[in-house]
file structure.txt (compact mmCIF, C-alpha atoms and all ligand atoms)
# COMPACT_ATOMS: atom_id res chain seq x y z
CA MET A 30 118.22 51.67 88.93
CA PRO A 31 118.54 55.21 87.51
CA TYR A 32 120.29 56.19 84.31
CA LYS A 33 123.91 57.25 84.69
CA PHE A 34 122.92 60.56 83.12
CA THR A 35 120.18 63.10 83.77
CA PHE A 36 117.84 64.42 81.14
CA ASP A 37 114.95 66.81 80.73
CA LEU A 38 112.75 66.36 77.67
CA SER A 39 110.05 68.73 78.89
CA ARG A 40 111.21 71.45 76.43
CA ILE A 41 111.21 69.10 73.43
CA SER A 42 108.44 69.51 70.84
CA ARG A 43 105.39 67.31 71.44
CA PHE A 44 105.86 66.11 67.87
CA PHE A 45 108.95 64.24 69.11
CA PHE A 46 106.75 61.94 71.18
CA THR A 47 104.35 61.45 68.26
CA GLU A 48 107.35 60.44 66.18
CA ILE A 49 108.48 57.98 68.86
CA ALA A 50 105.01 56.42 68.81
CA LYS A 51 105.20 56.17 65.01
CA VAL A 52 108.67 54.58 65.05
CA GLY A 53 107.56 52.25 67.85
CA TYR A 54 104.54 51.22 65.83
CA GLU A 55 106.64 50.55 62.74
CA LYS A 56 109.15 48.56 64.77
CA GLY A 57 106.42 46.57 66.54
CA VAL A 58 104.27 45.82 63.53
CA HIS A 59 106.74 45.67 60.67
CA LYS A 60 109.79 44.66 62.74
CA LYS A 61 111.81 47.53 61.33
CA VAL A 62 112.50 51.09 62.35
CA GLY A 63 111.42 53.66 59.77
CA LYS A 64 114.02 56.25 60.74
CA THR A 65 117.29 55.80 62.49
CA THR A 66 117.64 56.82 66.10
CA GLN A 67 120.45 59.19 65.22
CA GLU A 68 118.33 60.92 62.59
CA MET A 69 115.63 61.58 65.20
CA ILE A 70 118.18 62.91 67.68
CA LYS A 71 119.38 65.35 65.03
CA LYS A 72 115.90 66.28 63.78
CA PHE A 73 114.56 67.14 67.24
CA LYS A 74 117.84 68.70 68.44
CA ILE A 75 117.85 66.37 71.44
CA GLN A 76 121.51 66.95 72.24
CA GLU A 77 121.16 70.73 72.10
CA ALA A 78 118.03 70.72 74.29
CA THR A 79 119.27 68.21 76.89
CA GLY A 80 123.05 68.53 76.85
CA LEU A 81 123.34 64.74 76.46
CA ASN A 82 126.22 63.24 74.52
CA LEU A 83 125.28 61.17 71.47
CA SER A 84 125.60 57.73 73.11
CA ASP A 85 123.43 58.72 76.10
CA ALA A 86 120.85 60.27 73.73
CA VAL A 87 120.80 57.02 71.73
CA VAL A 88 120.26 54.93 74.90
CA LEU A 89 117.41 57.21 75.99
CA LEU A 90 115.72 57.24 72.60
CA GLN A 91 116.01 53.47 72.12
CA ASP A 92 114.44 52.92 75.55
CA LEU A 93 111.55 55.27 74.65
CA VAL A 94 110.95 53.46 71.35
CA ASP A 95 111.12 50.01 73.03
CA LEU A 96 108.65 51.18 75.69
CA GLN A 97 106.26 52.34 72.97
CA VAL A 98 106.55 48.96 71.23
CA ARG A 99 105.79 47.07 74.45
CA ASN A 100 102.76 49.31 75.11
CA LEU A 101 101.40 48.62 71.63
CA LEU A 102 101.97 44.88 71.86
CA GLU A 103 100.34 44.68 75.30
CA ARG A 104 97.50 47.13 74.72
CA GLU A 105 94.86 44.68 73.55
CA ARG A 106 95.49 42.34 76.48
CA PHE A 107 95.58 45.27 78.90
CA VAL A 108 92.17 46.67 77.88
CA GLN A 109 90.59 43.28 78.74
CA THR A 110 91.85 43.47 82.34
CA ARG A 111 89.51 44.20 85.24
CA LYS A 112 91.62 44.60 88.37
CA ARG A 113 94.26 47.23 87.83
CA ALA A 114 96.87 49.19 89.75
CA LEU A 115 98.89 52.29 89.00
CA PHE A 116 102.50 52.48 90.21
CA LEU A 117 103.83 56.03 90.49
CA PRO A 118 107.44 57.03 91.28
CA HIS A 119 108.03 58.84 94.57
CA CYS A 120 110.50 61.12 92.76
CA SER A 121 107.62 62.97 91.03
CA ARG A 122 106.22 64.26 94.33
CA LYS A 123 106.24 68.05 94.62
CA TYR A 124 108.36 67.75 97.77
CA MET A 125 110.89 65.07 98.66
CA ASP A 126 111.22 66.22 102.29
CA ASN A 127 108.76 66.47 105.18
CA ARG A 128 106.67 69.08 103.36
CA CYS A 129 105.24 66.08 101.50
CA LYS A 130 102.53 64.78 103.82
CA ALA A 131 102.26 61.38 102.16
CA VAL A 132 102.18 58.49 104.62
CA PHE A 133 104.63 55.66 104.01
CA ASP A 134 103.51 52.13 104.85
CA PRO A 135 106.61 49.89 104.93
CA ASN A 136 104.48 46.74 104.99
CA ILE A 137 103.21 47.31 101.45
CA PRO A 138 105.63 49.16 100.70
CA SER A 139 104.16 52.41 99.36
CA TYR A 140 103.53 56.05 100.09
CA PHE A 141 99.91 57.16 100.16
CA CYS A 142 99.32 60.73 99.03
CA ALA A 143 97.71 63.06 101.61
CA ARG A 144 96.69 65.50 98.81
CA CYS A 145 98.53 68.41 100.48
CA SER A 146 99.39 70.28 97.24
CA PRO A 147 96.88 70.71 94.41
CA ASP A 148 99.68 71.39 91.90
CA CYS A 149 101.64 68.20 92.78
CA LEU A 150 101.90 65.87 89.79
CA ILE A 151 101.40 62.80 91.99
CA ASN A 152 98.26 64.30 93.51
CA LYS A 153 96.85 64.94 90.01
CA ALA A 154 97.72 61.40 88.88
CA VAL A 155 96.09 59.89 91.99
CA SER A 156 92.87 61.84 91.32
CA ILE A 157 92.67 60.64 87.72
CA ALA A 158 93.47 57.01 88.59
CA LYS A 159 91.00 56.82 91.48
CA LYS A 160 88.20 57.99 89.16
CA GLU A 161 89.12 55.09 86.87
CA ASN A 162 89.01 52.61 89.81
CA TYR A 163 92.74 51.94 90.01
CA ASP A 164 94.53 51.07 93.22
CA VAL A 165 97.40 53.55 93.41
CA TYR A 166 100.87 53.02 94.89
CA ILE A 167 103.66 55.59 95.13
CA LEU A 168 106.87 53.61 95.15
CA PRO A 169 110.26 54.49 96.61
CA GLY A 170 111.95 52.00 94.24
CA GLY A 171 111.39 49.39 91.54
CA SER A 172 111.93 46.48 93.94
CA CYS A 173 108.59 47.35 95.59
CA VAL A 174 106.73 46.21 92.47
CA ALA A 175 107.52 42.52 93.09
CA ARG A 176 106.66 42.79 96.79
CA ILE A 177 103.25 44.33 96.07
CA LEU A 178 102.43 41.80 93.36
CA MET A 179 103.33 38.93 95.68
CA ASN A 180 100.61 40.01 98.11
CA LYS A 181 97.95 41.45 95.78
CA HIS A 182 96.64 40.10 92.54
CA TYR A 183 96.18 42.48 89.60
CA ASP A 184 95.42 41.66 85.95
CA GLY A 185 96.76 44.96 84.65
CA ILE A 186 99.48 47.37 85.79
CA VAL A 187 100.25 50.88 84.62
CA GLY A 188 103.68 52.07 85.68
CA VAL A 189 105.37 55.46 85.56
CA ALA A 190 109.16 55.46 85.87
CA CYS A 191 112.43 56.13 84.08
CA GLY A 192 113.34 53.81 81.20
CA GLU A 193 115.61 51.42 83.08
CA GLU A 194 113.09 50.85 85.89
CA ILE A 195 110.36 50.30 83.31
CA ARG A 196 112.45 47.75 81.42
CA ILE A 197 113.14 45.71 84.58
CA SER A 198 109.51 45.79 85.76
CA SER A 199 108.16 44.97 82.27
CA GLU A 200 110.26 41.80 82.17
CA MET A 201 108.92 40.81 85.57
CA LEU A 202 105.28 41.44 84.53
CA LYS A 203 105.85 39.36 81.40
CA ASP A 204 107.21 36.47 83.53
CA ILE A 205 104.13 36.44 85.77
CA GLY A 206 101.64 37.01 82.92
CA VAL A 207 100.34 40.43 84.00
CA ALA A 208 99.49 42.93 81.23
CA GLY A 209 101.39 46.20 81.55
CA GLN A 210 101.42 49.72 80.15
CA ALA A 211 104.22 52.17 80.85
CA ILE A 212 104.63 55.92 80.92
CA PRO A 213 108.21 57.25 80.84
CA LEU A 214 109.53 60.11 82.88
CA ILE A 215 110.27 63.07 80.62
CA LYS A 216 112.61 64.51 83.27
CA ASN A 217 114.70 62.19 85.44
CA GLY A 218 117.21 62.75 88.23
CA CYS A 219 115.50 60.94 91.15
CA ALA A 220 113.96 64.20 92.50
CA ASN A 221 111.56 66.72 90.97
CA THR A 222 111.02 64.37 88.06
CA ALA A 223 108.13 64.74 85.64
CA PHE A 224 105.84 62.72 83.41
CA ASN A 225 103.09 63.78 81.02
CA ILE A 226 99.75 63.77 82.83
CA GLU A 227 97.80 63.70 79.53
CA THR A 228 99.67 60.58 78.45
CA LEU A 229 98.81 58.98 81.79
CA HIS A 230 95.15 59.87 81.38
CA ARG A 231 95.08 58.39 77.88
CA ILE A 232 96.77 55.13 78.95
CA LEU A 233 94.50 54.64 81.99
S1 LIG B 301 100.18 66.13 97.12
FE1 LIG B 301 100.65 64.07 97.92
S2 LIG B 301 102.55 63.38 96.95
FE2 LIG B 301 102.31 65.58 96.56
S3 LIG B 301 103.54 66.54 98.12
FE3 LIG B 301 101.42 66.40 98.94
S4 LIG B 301 101.24 64.44 100.01
FE4 LIG B 301 103.16 64.42 98.81
S1 LIG B 302 114.35 58.70 88.34
FE1 LIG B 302 112.68 58.10 89.77
S2 LIG B 302 111.94 56.16 88.90
FE2 LIG B 302 113.99 56.47 88.03
S3 LIG B 302 115.42 55.44 89.44
FE3 LIG B 302 115.28 57.60 90.09
S4 LIG B 302 113.72 57.55 91.72
FE4 LIG B 302 113.44 55.66 90.51
call {"tool": "encode", "arguments": {"input": "structure.txt", "output": "structure tokens", "more": "lines below"}}
Ligand code: SF4
Ligand code: SF4
result
Amino acid sequence: MPYKFTFDLSRISRFFFTEIAKVGYEKGVHKKVGKTTQEMIKKFKIQEATGLNLSDAVVLLQDLVDLQVRNLLERERFVQTRKRALFLPHCSRKYMDNRCKAVFDPNIPSYFCARCSPDCLINKAVSIAKKENYDVYILPGGSCVARILMNKHYDGIVGVACGEEIRISSEMLKDIGVAGQAIPLIKNGCANTAFNIETLHRIL
């Protein structure tokens, strides 16, 4: 399920994401948040850069911090895993129409990238993940996660999605005992979305 608002954090300072990691670490390890969410929103001028109102900015920031906490808590278990898959969102494809040559297999269900555009974010992510021996799925929606995991066994999952989708899938992975790591979209909107490819590389 998407957020009720759209955002684009791609113009925000990289230090913002370092700060989220720091706050996430403090929350996960010491069970307290070092700085308030609202202070961070002000410090990094999130409202000015995104046009979000304060309550939407708070929701977004809290989701990013919670995601960071879950990644930290799961990291040790995740690095022990052998059989892994990467779930990518179809909304980060360069094209959402028939210029995208990915083949959709409804039985899985997943798109499979045909590598038609070297500058496509999904193409780049597939290349990196394949080198690291991941199975890669490009999903049209979060409900596909459960269907894939019913038919294939993985010890570890890396997922890229917007915060709400990540939260739902993380709860499911926890229920079935699969270790997960998540990468948030830094631009949402269900088309032409973006994530940080360096963050993906580091997590894989
Ligand atoms: S590179 Fe892959 S995902 Fe990107 S537009 Fe081409 S076929 Fe689609
Ligand atoms: S932004 Fe992408 S991952 Fe999030 S709900 Fe929309 S299509 Fe799914």
call {"tool": "atom_distance", "arguments": {"input": "structure.txt", "atom1": "atom CA of A:Gly53", "atom2": "atom CA of A:Cys219"}}
result
26.1 Å
call {"tool": "residues_near_ligand", "arguments": {"input": "structure.txt", "ligand": "ligand LIG 301 (chain B)", "cutoff": "8 Å", "atoms": "all atoms listed in the file", "output": "ChimeraX atom specification"}}
result
/A:119,121-125,128-132,141-153
call {"tool": "closest_residue", "arguments": {"input": "structure.txt", "among": "A:Phe36, A:Tyr183, A:Tyr163, A:Phe45", "to": "A:Gly80", "atoms": "only C-alpha atoms"}}
result
A:Phe36
call {"tool": "residues_near_ligand", "arguments": {"input": "structure.txt", "ligand": "ligand LIG 302 (chain B)", "cutoff": "6 Å", "atoms": "only C-alpha atoms and all ligand atoms", "output": "ChimeraX atom specification"}}
result
/A:30-31,118,120,170,190-191,217-219
call {"tool": "residues_around", "arguments": {"input": "structure.txt", "residues": "A:Met179", "least_positions_apart": "3", "cutoff": "12 Å", "atoms": "only C-alpha atoms", "output": "list in words"}}
result
Ile137, Pro138, Ser172, Cys173, Val174, Ala175, Arg176, His182, Tyr183, Met201, Leu202 and Ile205 of chain A
call {"tool": "atom_distance", "arguments": {"input": "structure.txt", "atom1": "atom CA of A:Ala211", "atom2": "atom CA of A:Gln67"}}
result
23.6 Å
call {"tool": "atom_distance", "arguments": {"input": "structure.txt", "atom1": "atom CA of A:Glu77", "atom2": "atom CA of A:Ile41"}}
result
10.2 Å
